[in-house]
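S.K.: This is the content of coords-v4.cif (mmCIF, C-alpha atoms):
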```
data_start
#
loop_
_atom_site.label_atom_id
_atom_site.label_comp_id
_atom_site.auth_asym_id
_atom_site.auth_seq_id
_atom_site.Cartn_x
_atom_site.Cartn_y
_atom_site.Cartn_z
CA MET A 275 70.54 45.02 70.05
CA ASN A 276 72.72 44.65 73.10
CA LYS A 277 73.66 47.61 75.32
CA GLN A 278 76.77 48.63 73.37
CA GLU A 279 75.02 48.32 70.00
CA MET A 280 72.13 50.48 71.20
CA HIS A 281 74.61 53.02 72.64
CA ASP A 282 76.46 53.23 69.32
CA LYS A 283 73.21 53.51 67.35
CA ILE A 284 72.06 56.41 69.53
CA LEU A 285 75.32 58.28 68.97
CA GLU A 286 75.11 57.61 65.24
CA MET A 287 71.65 59.18 65.20
CA VAL A 288 72.88 62.12 67.29
CA ARG A 289 75.63 62.71 64.74
CA GLU A 290 73.13 62.66 61.90
CA TYR A 291 70.74 64.94 63.81
CA CYS A 292 73.46 67.50 64.55
CA ASP A 293 74.81 67.50 60.99
CA THR A 294 71.27 67.98 59.66
CA TYR A 295 69.74 70.46 62.08
CA HIS A 296 72.68 72.30 63.65
CA LYS A 297 74.45 73.50 60.52
CA GLN A 298 76.84 76.39 61.24
CA ASP A 299 78.02 77.14 57.74
CA GLU A 300 74.83 78.60 56.29
CA ALA A 301 75.43 81.29 53.68
CA TYR A 302 75.65 84.85 55.01
CA LYS A 303 73.74 87.64 53.35
CA GLU A 304 74.26 91.30 54.06
CA GLY A 305 72.03 92.52 56.85
CA ASP A 306 72.02 89.23 58.77
CA ARG A 307 72.74 89.76 62.45
CA ILE A 308 76.44 89.39 63.31
CA PRO A 309 76.79 88.66 67.02
CA TYR A 310 79.92 89.63 68.93
CA ALA A 311 80.32 85.96 69.94
CA SER A 312 78.73 82.59 69.35
CA ARG A 313 79.30 78.90 69.97
CA VAL A 314 81.33 77.03 67.35
CA TYR A 315 80.74 73.28 67.52
CA ASP A 316 79.78 70.18 65.53
CA HIS A 317 78.54 66.65 66.17
CA GLU A 318 81.54 65.77 68.38
CA GLU A 319 80.34 68.01 71.20
CA MET A 320 76.79 66.69 70.92
CA GLU A 321 77.92 63.06 70.82
CA ASN A 322 80.06 63.55 73.94
CA LEU A 323 77.15 65.24 75.69
CA VAL A 324 74.78 62.39 74.93
CA ASP A 325 77.43 59.77 75.72
CA SER A 326 77.78 61.32 79.16
CA ALA A 327 74.01 61.48 79.58
CA LEU A 328 73.69 57.78 78.74
CA GLU A 329 76.30 56.95 81.34
CA PHE A 330 74.24 59.08 83.76
CA TRP A 331 77.16 59.93 86.02
CA LEU A 332 75.73 63.36 86.75
CA THR A 333 78.46 64.74 88.99
CA SER A 334 82.16 65.15 88.10
CA GLY A 335 83.50 61.98 86.50
CA ARG A 336 85.70 60.67 83.72
CA TYR A 337 85.11 63.60 81.36
CA VAL A 338 86.08 66.08 84.10
CA LYS A 339 89.33 64.17 84.64
CA GLU A 340 90.03 64.08 80.91
CA PHE A 341 89.34 67.78 80.49
CA GLU A 342 91.46 68.82 83.46
CA LYS A 343 94.35 66.69 82.19
CA GLY A 344 94.00 68.02 78.63
CA LEU A 345 93.85 71.68 79.67
CA ALA A 346 96.85 71.27 81.97
CA GLU A 347 98.86 69.75 79.12
CA TYR A 348 97.82 72.53 76.75
CA LEU A 349 98.73 75.31 79.17
CA GLY A 350 101.91 73.66 80.38
CA THR A 351 100.80 73.88 83.98
CA LYS A 352 100.61 71.15 86.60
CA PHE A 353 97.18 71.39 88.23
CA VAL A 354 93.77 72.30 86.77
CA SER A 355 90.49 72.32 88.70
CA VAL A 356 87.26 72.86 86.79
CA VAL A 357 84.47 74.90 88.36
CA ASN A 358 80.95 76.01 87.43
CA SER A 359 81.82 79.44 85.95
CA GLY A 360 84.60 81.93 85.32
CA SER A 361 83.20 84.07 88.12
CA SER A 362 83.47 81.09 90.47
CA ALA A 363 87.01 80.58 89.20
CA ASN A 364 87.93 84.13 90.25
CA LEU A 365 86.17 83.68 93.58
CA LEU A 366 88.03 80.43 94.21
CA ALA A 367 91.39 81.88 93.14
CA PHE A 368 91.04 84.78 95.55
CA MET A 369 89.63 82.75 98.46
CA THR A 370 92.53 80.32 98.10
CA LEU A 371 94.86 83.16 99.07
CA THR A 372 92.95 83.66 102.33
CA SER A 373 93.74 80.15 103.60
CA PRO A 374 95.43 79.82 107.01
CA LEU A 375 97.73 77.26 105.37
CA LEU A 376 99.55 80.20 103.71
CA LYS A 377 100.53 81.55 107.14
CA GLU A 378 101.95 85.09 107.00
CA ARG A 379 101.25 85.38 103.26
CA ARG A 380 97.52 84.79 103.60
CA ILE A 381 95.21 87.66 102.69
CA ARG A 382 93.25 88.91 105.70
CA ARG A 383 90.34 91.31 105.90
CA GLY A 384 91.64 94.84 105.45
CA ASP A 385 94.60 93.76 103.33
CA GLU A 386 94.97 95.35 99.89
CA VAL A 387 94.89 93.86 96.40
CA ILE A 388 96.02 95.89 93.38
CA THR A 389 93.62 95.73 90.42
CA VAL A 390 91.88 97.88 87.79
CA ALA A 391 88.39 99.34 87.43
CA ALA A 392 88.27 98.97 83.63
CA GLY A 393 87.03 95.43 83.28
CA PHE A 394 84.57 92.80 84.42
CA PRO A 395 83.24 93.08 87.99
CA THR A 396 83.95 89.52 89.11
CA THR A 397 87.69 90.19 89.02
CA VAL A 398 87.05 92.65 91.85
CA SER A 399 83.95 91.39 93.67
CA PRO A 400 85.70 88.52 95.56
CA ILE A 401 88.09 91.06 97.06
CA ILE A 402 85.27 93.28 98.31
CA ASN A 403 82.99 90.45 99.42
CA TYR A 404 85.75 89.03 101.61
CA GLY A 405 86.50 92.39 103.20
CA ALA A 406 89.84 93.08 101.58
CA VAL A 407 90.51 96.43 99.85
CA PRO A 408 90.86 96.76 96.06
CA VAL A 409 93.41 99.38 95.04
CA PHE A 410 92.54 100.72 91.61
CA VAL A 411 95.22 101.69 89.11
CA ASP A 412 94.63 103.29 85.71
CA VAL A 413 95.12 101.50 82.39
CA THR A 414 96.79 102.41 79.11
CA ILE A 415 95.20 103.03 75.73
CA PRO A 416 95.36 101.30 73.22
CA GLN A 417 96.50 98.21 75.18
CA TYR A 418 93.67 98.56 77.76
CA ASN A 419 95.72 96.92 80.49
CA ILE A 420 97.16 98.07 83.81
CA ASP A 421 99.60 101.00 83.70
CA VAL A 422 102.63 99.32 85.22
CA THR A 423 104.33 102.66 85.92
CA LYS A 424 101.77 103.16 88.72
CA LEU A 425 102.44 99.89 90.55
CA GLU A 426 104.97 101.20 93.05
CA ALA A 427 102.69 104.11 93.93
CA ALA A 428 99.90 101.60 94.64
CA LEU A 429 102.01 99.61 97.08
CA SER A 430 101.44 99.85 100.82
CA GLU A 431 102.38 97.80 103.86
CA LYS A 432 98.97 96.11 103.54
CA THR A 433 99.41 94.98 99.89
CA LYS A 434 99.25 91.19 99.53
CA ALA A 435 98.41 90.51 95.87
CA VAL A 436 97.82 91.73 92.34
CA MET A 437 94.67 90.39 90.65
CA ILE A 438 94.03 91.61 87.11
CA ALA A 439 92.70 90.40 83.77
CA HIS A 440 94.29 90.14 80.34
CA THR A 441 91.91 92.53 78.59
CA LEU A 442 90.03 91.00 75.64
CA GLY A 443 92.88 88.57 75.08
CA ASN A 444 95.64 91.18 75.14
CA PRO A 445 98.13 90.19 77.87
CA PHE A 446 99.09 92.79 80.43
CA ASP A 447 102.81 93.51 80.85
CA LEU A 448 103.58 90.26 82.62
CA LYS A 449 107.30 90.95 82.85
CA ALA A 450 106.81 94.19 84.77
CA VAL A 451 103.96 92.88 86.92
CA LYS A 452 105.74 89.62 87.75
CA GLU A 453 108.94 91.46 88.69
CA PHE A 454 106.94 93.80 90.93
CA CYS A 455 105.21 90.87 92.64
CA ASP A 456 108.45 88.95 93.10
CA LYS A 457 110.21 92.03 94.50
CA HIS A 458 107.52 92.61 97.12
CA ASN A 459 106.55 88.96 97.80
CA LEU A 460 103.01 89.43 96.42
CA TRP A 461 100.65 86.84 94.96
CA LEU A 462 99.78 87.26 91.27
CA VAL A 463 96.38 86.09 90.03
CA GLU A 464 95.91 86.17 86.24
CA ASP A 465 92.26 86.48 85.27
CA ASN A 466 92.67 84.64 81.97
CA CYS A 467 88.93 84.38 81.24
CA ASP A 468 89.17 86.49 78.07
CA ALA A 469 92.62 85.35 77.00
CA LEU A 470 92.82 81.56 76.82
CA GLY A 471 95.44 80.71 74.22
CA SER A 472 97.32 84.03 74.47
CA LEU A 473 101.11 83.78 74.57
CA TYR A 474 103.70 85.93 76.31
CA THR A 475 107.47 85.70 76.09
CA ILE A 476 109.13 86.11 79.48
CA ASP A 477 112.78 85.41 80.33
CA GLY A 478 113.26 84.20 76.77
CA GLU A 479 110.51 81.58 76.99
CA GLU A 480 107.10 81.75 75.35
CA LYS A 481 104.35 80.74 77.79
CA PHE A 482 100.58 80.74 77.88
CA THR A 483 98.95 83.48 79.90
CA GLY A 484 97.43 82.14 83.07
CA SER A 485 100.47 79.90 83.63
CA ILE A 486 102.93 82.63 84.62
CA GLY A 487 101.42 83.97 87.84
CA ASP A 488 100.62 81.98 90.96
CA ILE A 489 97.03 81.23 89.87
CA GLY A 490 95.21 81.55 86.54
CA THR A 491 91.49 81.42 85.81
CA SER A 492 89.35 80.66 82.75
CA SER A 493 85.69 80.91 81.76
CA PHE A 494 83.82 78.57 79.41
CA TYR A 495 80.63 80.61 79.11
CA PRO A 496 79.36 80.44 75.48
CA PRO A 497 80.90 83.74 74.24
CA HIS A 498 84.38 82.81 75.43
CA HIS A 499 87.23 81.19 73.55
CA MET A 500 85.73 77.74 74.06
CA THR A 501 82.56 76.65 75.79
CA MET A 502 80.88 74.01 77.87
CA GLY A 503 77.78 76.16 78.46
CA GLN A 504 78.63 77.20 81.98
CA GLY A 505 82.01 76.42 83.43
CA GLY A 506 85.44 77.66 84.35
CA ALA A 507 88.82 76.53 85.59
CA VAL A 508 91.49 77.46 88.12
CA TYR A 509 95.08 76.44 87.49
CA THR A 510 98.42 76.59 89.26
CA LYS A 511 101.83 74.96 89.44
CA ASN A 512 101.97 75.26 93.22
CA PRO A 513 101.02 72.02 95.05
CA LEU A 514 99.95 73.84 98.23
CA LEU A 515 97.73 76.27 96.32
CA HIS A 516 96.25 73.32 94.42
CA LYS A 517 95.45 71.56 97.68
CA ILE A 518 93.64 74.66 98.95
CA ILE A 519 91.84 75.17 95.63
CA ARG A 520 90.47 71.62 95.71
CA SER A 521 89.43 71.93 99.33
CA MET A 522 87.60 75.21 98.85
CA ARG A 523 85.98 74.03 95.62
CA ASP A 524 84.77 70.83 97.30
CA TRP A 525 82.85 72.13 100.32
CA GLY A 526 86.03 73.03 102.25
CA ARG A 527 86.73 69.40 103.06
CA ASP A 528 90.12 68.14 104.18
CA CYS A 529 89.70 64.82 102.36
CA VAL A 530 91.06 64.46 98.82
CA CYS A 531 89.02 61.40 97.83
CA ALA A 532 87.32 61.69 94.44
CA SER A 533 83.55 61.44 94.19
CA GLY A 534 82.55 57.86 95.03
CA GLN A 535 85.99 57.04 96.47
CA ASP A 536 86.67 56.17 100.11
CA ASN A 537 89.86 56.05 102.22
CA PHE A 538 92.42 57.11 99.58
CA CYS A 539 94.74 58.26 102.37
CA GLY A 540 94.36 55.01 104.33
CA HIS A 541 93.57 56.93 107.51
CA ARG A 542 89.86 57.58 107.18
CA PHE A 543 89.07 56.60 110.78
CA ASP A 544 92.27 57.17 112.75
CA GLY A 545 93.14 60.86 112.36
CA GLN A 546 92.94 63.75 114.80
CA TYR A 547 91.50 66.98 113.37
CA GLY A 548 90.76 70.19 115.23
CA GLU A 549 88.79 69.41 118.38
CA LEU A 550 86.89 66.53 116.77
CA PRO A 551 86.98 63.14 118.49
CA LYS A 552 89.95 61.07 117.35
CA GLY A 553 89.03 58.85 114.39
CA TYR A 554 86.23 61.10 113.13
CA ASP A 555 85.40 60.18 109.50
CA HIS A 556 87.93 62.09 107.39
CA LYS A 557 85.41 62.42 104.55
CA TYR A 558 83.52 64.86 106.76
CA VAL A 559 86.39 66.93 108.13
CA TYR A 560 86.46 70.57 106.91
CA SER A 561 89.68 72.56 106.86
CA HIS A 562 88.24 75.61 105.04
CA PHE A 563 84.96 77.47 104.72
CA GLY A 564 84.35 76.20 101.19
CA LEU A 565 81.58 75.84 98.65
CA ASN A 566 80.44 73.36 96.04
CA LEU A 567 81.71 74.91 92.79
CA ASN A 568 81.82 71.73 90.70
CA ILE A 569 80.39 71.14 87.24
CA THR A 570 78.60 68.11 85.83
CA ASP A 571 80.36 65.51 83.71
CA MET A 572 78.03 66.42 80.83
CA GLN A 573 79.45 69.94 80.73
CA ALA A 574 83.01 68.61 80.79
CA ALA A 575 82.11 66.21 77.95
CA VAL A 576 81.41 69.23 75.75
CA GLY A 577 84.66 70.81 76.91
CA VAL A 578 86.68 67.73 75.93
CA ALA A 579 85.47 68.04 72.34
CA GLN A 580 86.01 71.81 72.32
CA LEU A 581 89.57 71.46 73.58
CA LYS A 582 90.50 69.36 70.55
CA LYS A 583 89.37 72.19 68.26
CA PHE A 584 90.78 74.96 70.41
CA PRO A 585 94.14 75.63 68.65
CA LYS A 586 92.27 76.26 65.39
CA PHE A 587 89.86 78.57 67.24
CA VAL A 588 92.84 80.66 68.35
CA GLU A 589 94.31 80.79 64.85
CA ARG A 590 91.01 82.02 63.42
CA ARG A 591 90.61 84.68 66.12
CA ARG A 592 94.02 86.07 65.22
CA TYR A 593 93.16 85.99 61.53
CA ASN A 594 89.87 87.79 62.12
CA PHE A 595 91.54 90.43 64.26
CA ASP A 596 94.20 91.07 61.61
CA ARG A 597 91.58 91.41 58.86
CA LEU A 598 89.64 93.99 60.89
CA TYR A 599 92.81 95.86 61.80
CA LYS A 600 93.94 96.10 58.18
CA GLY A 601 90.47 97.04 56.94
CA LEU A 602 90.04 99.88 59.45
CA GLN A 603 93.41 101.55 58.93
CA GLU A 604 91.94 104.39 56.87
CA VAL A 605 89.78 105.50 59.81
CA SER A 606 92.50 105.07 62.44
CA ASP A 607 92.58 108.85 62.90
CA LYS A 608 89.02 108.71 64.24
CA LEU A 609 89.14 105.31 65.92
CA ILE A 610 92.12 104.37 68.07
CA LEU A 611 92.77 100.76 67.08
CA PRO A 612 94.00 98.17 69.60
CA GLU A 613 97.67 97.25 69.94
CA PRO A 614 99.12 94.05 71.39
CA VAL A 615 101.37 94.42 74.39
CA ALA A 616 105.09 94.00 73.68
CA ASN A 617 106.34 90.39 73.78
CA SER A 618 102.83 89.00 73.37
CA LYS A 619 100.84 87.02 70.84
CA PRO A 620 97.21 87.53 71.85
CA SER A 621 94.35 85.11 71.43
CA TRP A 622 91.93 87.98 70.84
CA PHE A 623 88.50 87.93 72.43
CA GLY A 624 87.36 91.10 70.69
CA PHE A 625 88.44 94.09 68.62
CA MET A 626 88.47 97.21 70.78
CA MET A 627 88.18 100.75 69.46
CA THR A 628 88.22 104.15 71.15
CA CYS A 629 86.45 107.05 69.48
CA ASN A 630 88.82 109.96 68.77
CA GLY A 631 87.00 113.12 67.76
CA VAL A 632 83.79 111.24 66.94
CA ASP A 633 80.86 110.57 69.26
CA ARG A 634 80.39 106.99 70.46
CA LYS A 635 76.73 107.78 71.08
CA LYS A 636 76.37 108.16 67.31
CA VAL A 637 78.86 105.54 66.15
CA VAL A 638 77.58 102.56 68.16
CA PRO A 639 73.83 102.96 67.44
CA TYR A 640 74.58 103.17 63.71
CA ILE A 641 76.66 99.97 63.80
CA GLU A 642 73.95 98.19 65.80
CA SER A 643 71.25 99.38 63.37
CA LYS A 644 73.11 97.61 60.58
CA GLY A 645 73.02 94.27 62.37
CA VAL A 646 76.50 94.26 63.92
CA GLN A 647 76.50 93.59 67.66
CA THR A 648 78.77 95.73 69.84
CA ARG A 649 79.86 95.66 73.45
CA MET A 650 81.38 98.10 75.95
CA LEU A 651 84.51 97.17 77.88
CA PHE A 652 82.22 95.60 80.49
CA ALA A 653 81.94 97.93 83.50
CA GLY A 654 83.91 100.76 81.87
CA ASN A 655 84.76 102.23 85.24
CA LEU A 656 83.45 99.89 87.92
CA ILE A 657 83.69 102.55 90.63
CA LYS A 658 80.96 104.58 88.92
CA HIS A 659 78.40 101.76 89.20
CA PRO A 660 75.54 101.56 91.73
CA CYS A 661 77.29 98.72 93.59
CA PHE A 662 79.84 101.31 94.73
CA ASP A 663 77.30 103.96 95.78
CA GLU A 664 77.60 103.34 99.53
CA MET A 665 81.37 102.96 99.54
CA ARG A 666 81.77 106.00 97.30
CA ALA A 667 79.57 108.09 99.56
CA GLU A 668 81.40 106.99 102.71
CA GLY A 669 84.88 107.01 101.14
CA VAL A 670 85.72 103.55 102.45
CA GLY A 671 86.31 100.05 101.13
CA TYR A 672 88.62 100.84 98.23
CA ARG A 673 91.52 103.06 97.23
CA ILE A 674 92.42 104.88 94.00
CA VAL A 675 96.00 105.57 92.94
CA GLY A 676 96.30 108.85 91.06
CA SER A 677 93.57 109.51 88.52
CA LEU A 678 91.63 107.00 86.45
CA GLU A 679 91.74 109.23 83.38
CA ASN A 680 92.04 106.50 80.77
CA THR A 681 89.53 104.33 82.62
CA ASP A 682 87.00 107.17 82.38
CA ARG A 683 87.79 107.64 78.72
CA ILE A 684 87.15 103.97 78.08
CA MET A 685 83.84 104.31 79.92
CA ASN A 686 82.84 107.20 77.62
CA ASP A 687 84.48 106.49 74.26
CA THR A 688 85.36 102.80 73.86
CA PHE A 689 83.48 99.86 72.34
CA TRP A 690 84.32 96.56 70.68
CA VAL A 691 83.12 94.03 68.15
CA GLY A 692 83.70 90.30 68.05
CA VAL A 693 86.31 88.15 66.33
CA TYR A 694 84.93 84.72 67.24
CA PRO A 695 86.10 81.84 65.02
CA GLY A 696 82.71 81.33 63.36
CA MET A 697 83.01 84.64 61.48
CA SER A 698 83.51 84.42 57.73
CA ASP A 699 85.45 86.87 55.58
CA GLU A 700 82.11 88.16 54.26
CA LYS A 701 80.96 89.01 57.77
CA LEU A 702 84.25 90.68 58.65
CA ASP A 703 84.25 92.76 55.48
CA TYR A 704 80.68 93.85 56.13
CA MET A 705 81.66 94.86 59.66
CA ILE A 706 84.53 96.92 58.29
CA LYS A 707 82.18 98.63 55.85
CA VAL A 708 79.60 99.43 58.52
CA ILE A 709 82.17 100.73 61.03
CA LYS A 710 83.64 103.05 58.39
CA GLU A 711 80.18 104.34 57.54
CA ALA A 712 79.45 104.92 61.23
CA VAL A 713 82.60 106.98 61.67
CA GLU A 714 81.97 109.03 58.52
CA GLN A 715 78.42 109.97 59.54
CA ALA A 716 79.16 110.57 63.24
#
```
Mind turning this structure into structure tokens?
M.R.:
Amino acid sequence: MNKQEMHDKILEMVREYCDTYHKQDEAYKEGDRIPYASRVYDHEEMENLVDSALEFWLTSGRYVKEFEKGLAEYLGTKFVSVVNSGSSANLLAFMTLTSPLLKERRIRRGDEVITVAAGFPTTVSPIINYGAVPVFVDVTIPQYNIDVTKLEAALSEKTKAVMIAHTLGNPFDLKAVKEFCDKHNLWLVEDNCDALGSLYTIDGEEKFTGSIGDIGTSSFYPPHHMTMGQGGAVYTKNPLLHKIIRSMRDWGRDCVCASGQDNFCGHRFDGQYGELPKGYDHKYVYSHFGLNLNITDMQAAVGVAQLKKFPKFVERRRYNFDRLYKGLQEVSDKLILPEPVANSKPSWFGFMMTCNGVDRKKVVPYIESKGVQTRMLFAGNLIKHPCFDEMRAEGVGYRIVGSLENTDRIMNDTFWVGVYPGMSDEKLDYMIKVIKEAVEQA
């Protein structure tokens, strides 16, 4: 066999191996563990992974380019930059807004960023780690997103941005938040890690979440809407923000040459930068304090295959959500069921419930004992966690607007179960049965 024939034979065997030993449609029997999330894939992902491995281009390469192009086309945005995780995506999105290239609009240490405490910590941690001040606003139940009526009260002369997540796929009130940001010349970062594929109608046009604010972020960790193992993305329509994103993702360098490329600008050895000697190699000029947040081409190869399946993933998530919602109506007096935000069509990440007159400490253990995996709304109230002990004791480093009454209720009474696309009707119906039993015995 020549090289191409051997390559094709290997991929043929990979396909056969995956179809034989990685079956995902095995029959479900009552009592089998039902995880809140799981990977959904077939031989296409495995073939792409091996194809990339055989090429042995271990850094970002052709699959990264293909994935970034495909995700940009799907979202209807101009620029996509893949990174090594959703947390890195949030870090990069925030750090982009600290760039000197943004002049008077850059975020400086001590400036304020409006956010919420009911969510995942890495929406907030970049703000604190940089030395900016998160301003926490309460959320609403049963949408579990920022209470937009509190935005004006959260504003100060130091406010520079709003950085919040679309909770479990349910978009926040983008119309109100976007109008607030536009009115006060604030940046808007959409943490879209749990909402890829969600739609929101604004100004009469239906758009994907993550594409409406200045910057959007995604995560491709296995439980999320699609996966490449580890991975994330940052996206924007703004060319200047994109330039900063790429610089900060790629060590902070000023050069835009792709990996393995030299002298794209044609001025590699004749520029003047900072106080460097004239003609210093542009490939080693740094305009930001950046990091290496890139992924491997093998990860992107998996993402390319996942992206082709993604629209069907979203459809199934919506179907699964609707089946749970309908099946749990008769206990809606004891469990507050989730509601989509007006003008939205969520790509649900999970099915959230808040106990109402029943004890979560009894409900959740019963559900878990029957093989159904549950999750809290991540931090619940992030301010209550040990990472805030010093700041809480000293009363510095963050600000709270009003009370966080609903945030605390979520911390005490709320939980969720999964709706990932690999769930069958049998699994969903068993989940409904178990949740009803849990409520009745609580």
S.K.: How would you write, as a PDB file with C-alpha atoms, keeping the file's coordinate frame, the residues chosen by the PyMOL selection byres ((chain A and resi 589-601) around 8) on this structure?
M.R.:
```pdb
ATOM      1  CA  PRO A 585      94.140  75.630  68.650  1.00  0.00           C
ATOM      2  CA  LYS A 586      92.270  76.260  65.390  1.00  0.00           C
ATOM      3  CA  PHE A 587      89.860  78.570  67.240  1.00  0.00           C
ATOM      4  CA  VAL A 588      92.840  80.660  68.350  1.00  0.00           C
ATOM      5  CA  LEU A 602      90.040  99.880  59.450  1.00  0.00           C
ATOM      6  CA  GLN A 603      93.410 101.550  58.930  1.00  0.00           C
ATOM      7  CA  GLU A 604      91.940 104.390  56.870  1.00  0.00           C
ATOM      8  CA  LEU A 611      92.770 100.760  67.080  1.00  0.00           C
ATOM      9  CA  PRO A 620      97.210  87.530  71.850  1.00  0.00           C
ATOM     10  CA  SER A 621      94.350  85.110  71.430  1.00  0.00           C
ATOM     11  CA  TRP A 622      91.930  87.980  70.840  1.00  0.00           C
ATOM     12  CA  PHE A 623      88.500  87.930  72.430  1.00  0.00           C
ATOM     13  CA  GLY A 624      87.360  91.100  70.690  1.00  0.00           C
ATOM     14  CA  PHE A 625      88.440  94.090  68.620  1.00  0.00           C
ATOM     15  CA  VAL A 693      86.310  88.150  66.330  1.00  0.00           C
ATOM     16  CA  TYR A 694      84.930  84.720  67.240  1.00  0.00           C
ATOM     17  CA  PRO A 695      86.100  81.840  65.020  1.00  0.00           C
ATOM     18  CA  MET A 697      83.010  84.640  61.480  1.00  0.00           C
ATOM     19  CA  ASP A 699      85.450  86.870  55.580  1.00  0.00           C
ATOM     20  CA  LEU A 702      84.250  90.680  58.650  1.00  0.00           C
ATOM     21  CA  ASP A 703      84.250  92.760  55.480  1.00  0.00           C
ATOM     22  CA  ILE A 706      84.530  96.920  58.290  1.00  0.00           C
TER      23      ILE A 706
END
```
S.K.: What is the CA of Gln535 (chain A)-CA of His556 (chain A) distance in Å, reported with one decimal?
M.R.: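 One can read the CA of Gln535 (chain A) to CA of His556 (chain A) distance as 12.2 Å.
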S.K.: Identify which of the residues A:Arg382, A:Lys481, A:His516, A:Lys303 lies closest to Ala406 (chain A), counting only C-alpha atoms when measuring atom-to-atom distances.
M.R.: A:Arg382
S.K.: I'd like the contact shell of Met437 (chain A) - 10 Å cut-off, all atoms listed in the file, skipping same-chain residues fewer than 4 positions apart - returned as an NGL selection string.
M.R.: :A and (364 or 367-368 or 387-390 or 397-398 or 401 or 408 or 461-465 or 487 or 489-490)
S.K.: Draw an axis-aligned box over all listed atoms of region 353-372 of chain A, pad each side with 6 Å, and write its centre and edge lengths in Å, one decimal, as JSON.
M.R.:
```
{"center_x": 89.1, "center_y": 78.1, "center_z": 93.8, "size_x": 28.2, "size_y": 25.4, "size_z": 29.0}
```
S.K.: Hey, which of A:Pro612, A:Gly631, A:Gly350, A:Gly577 ends up closest to Pro496 (chain A)? Count only C-alpha atoms.
M.R.: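 That would be A:Gly577, the residue with the smallest distance to Pro496 (chain A).
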S.K.: From the options A:Ser334, A:Thr370, A:Thr441, A:Ser561, which residue's atoms come nearest to Asp488 (chain A), counting only C-alpha atoms?
M.R.: A:Thr370
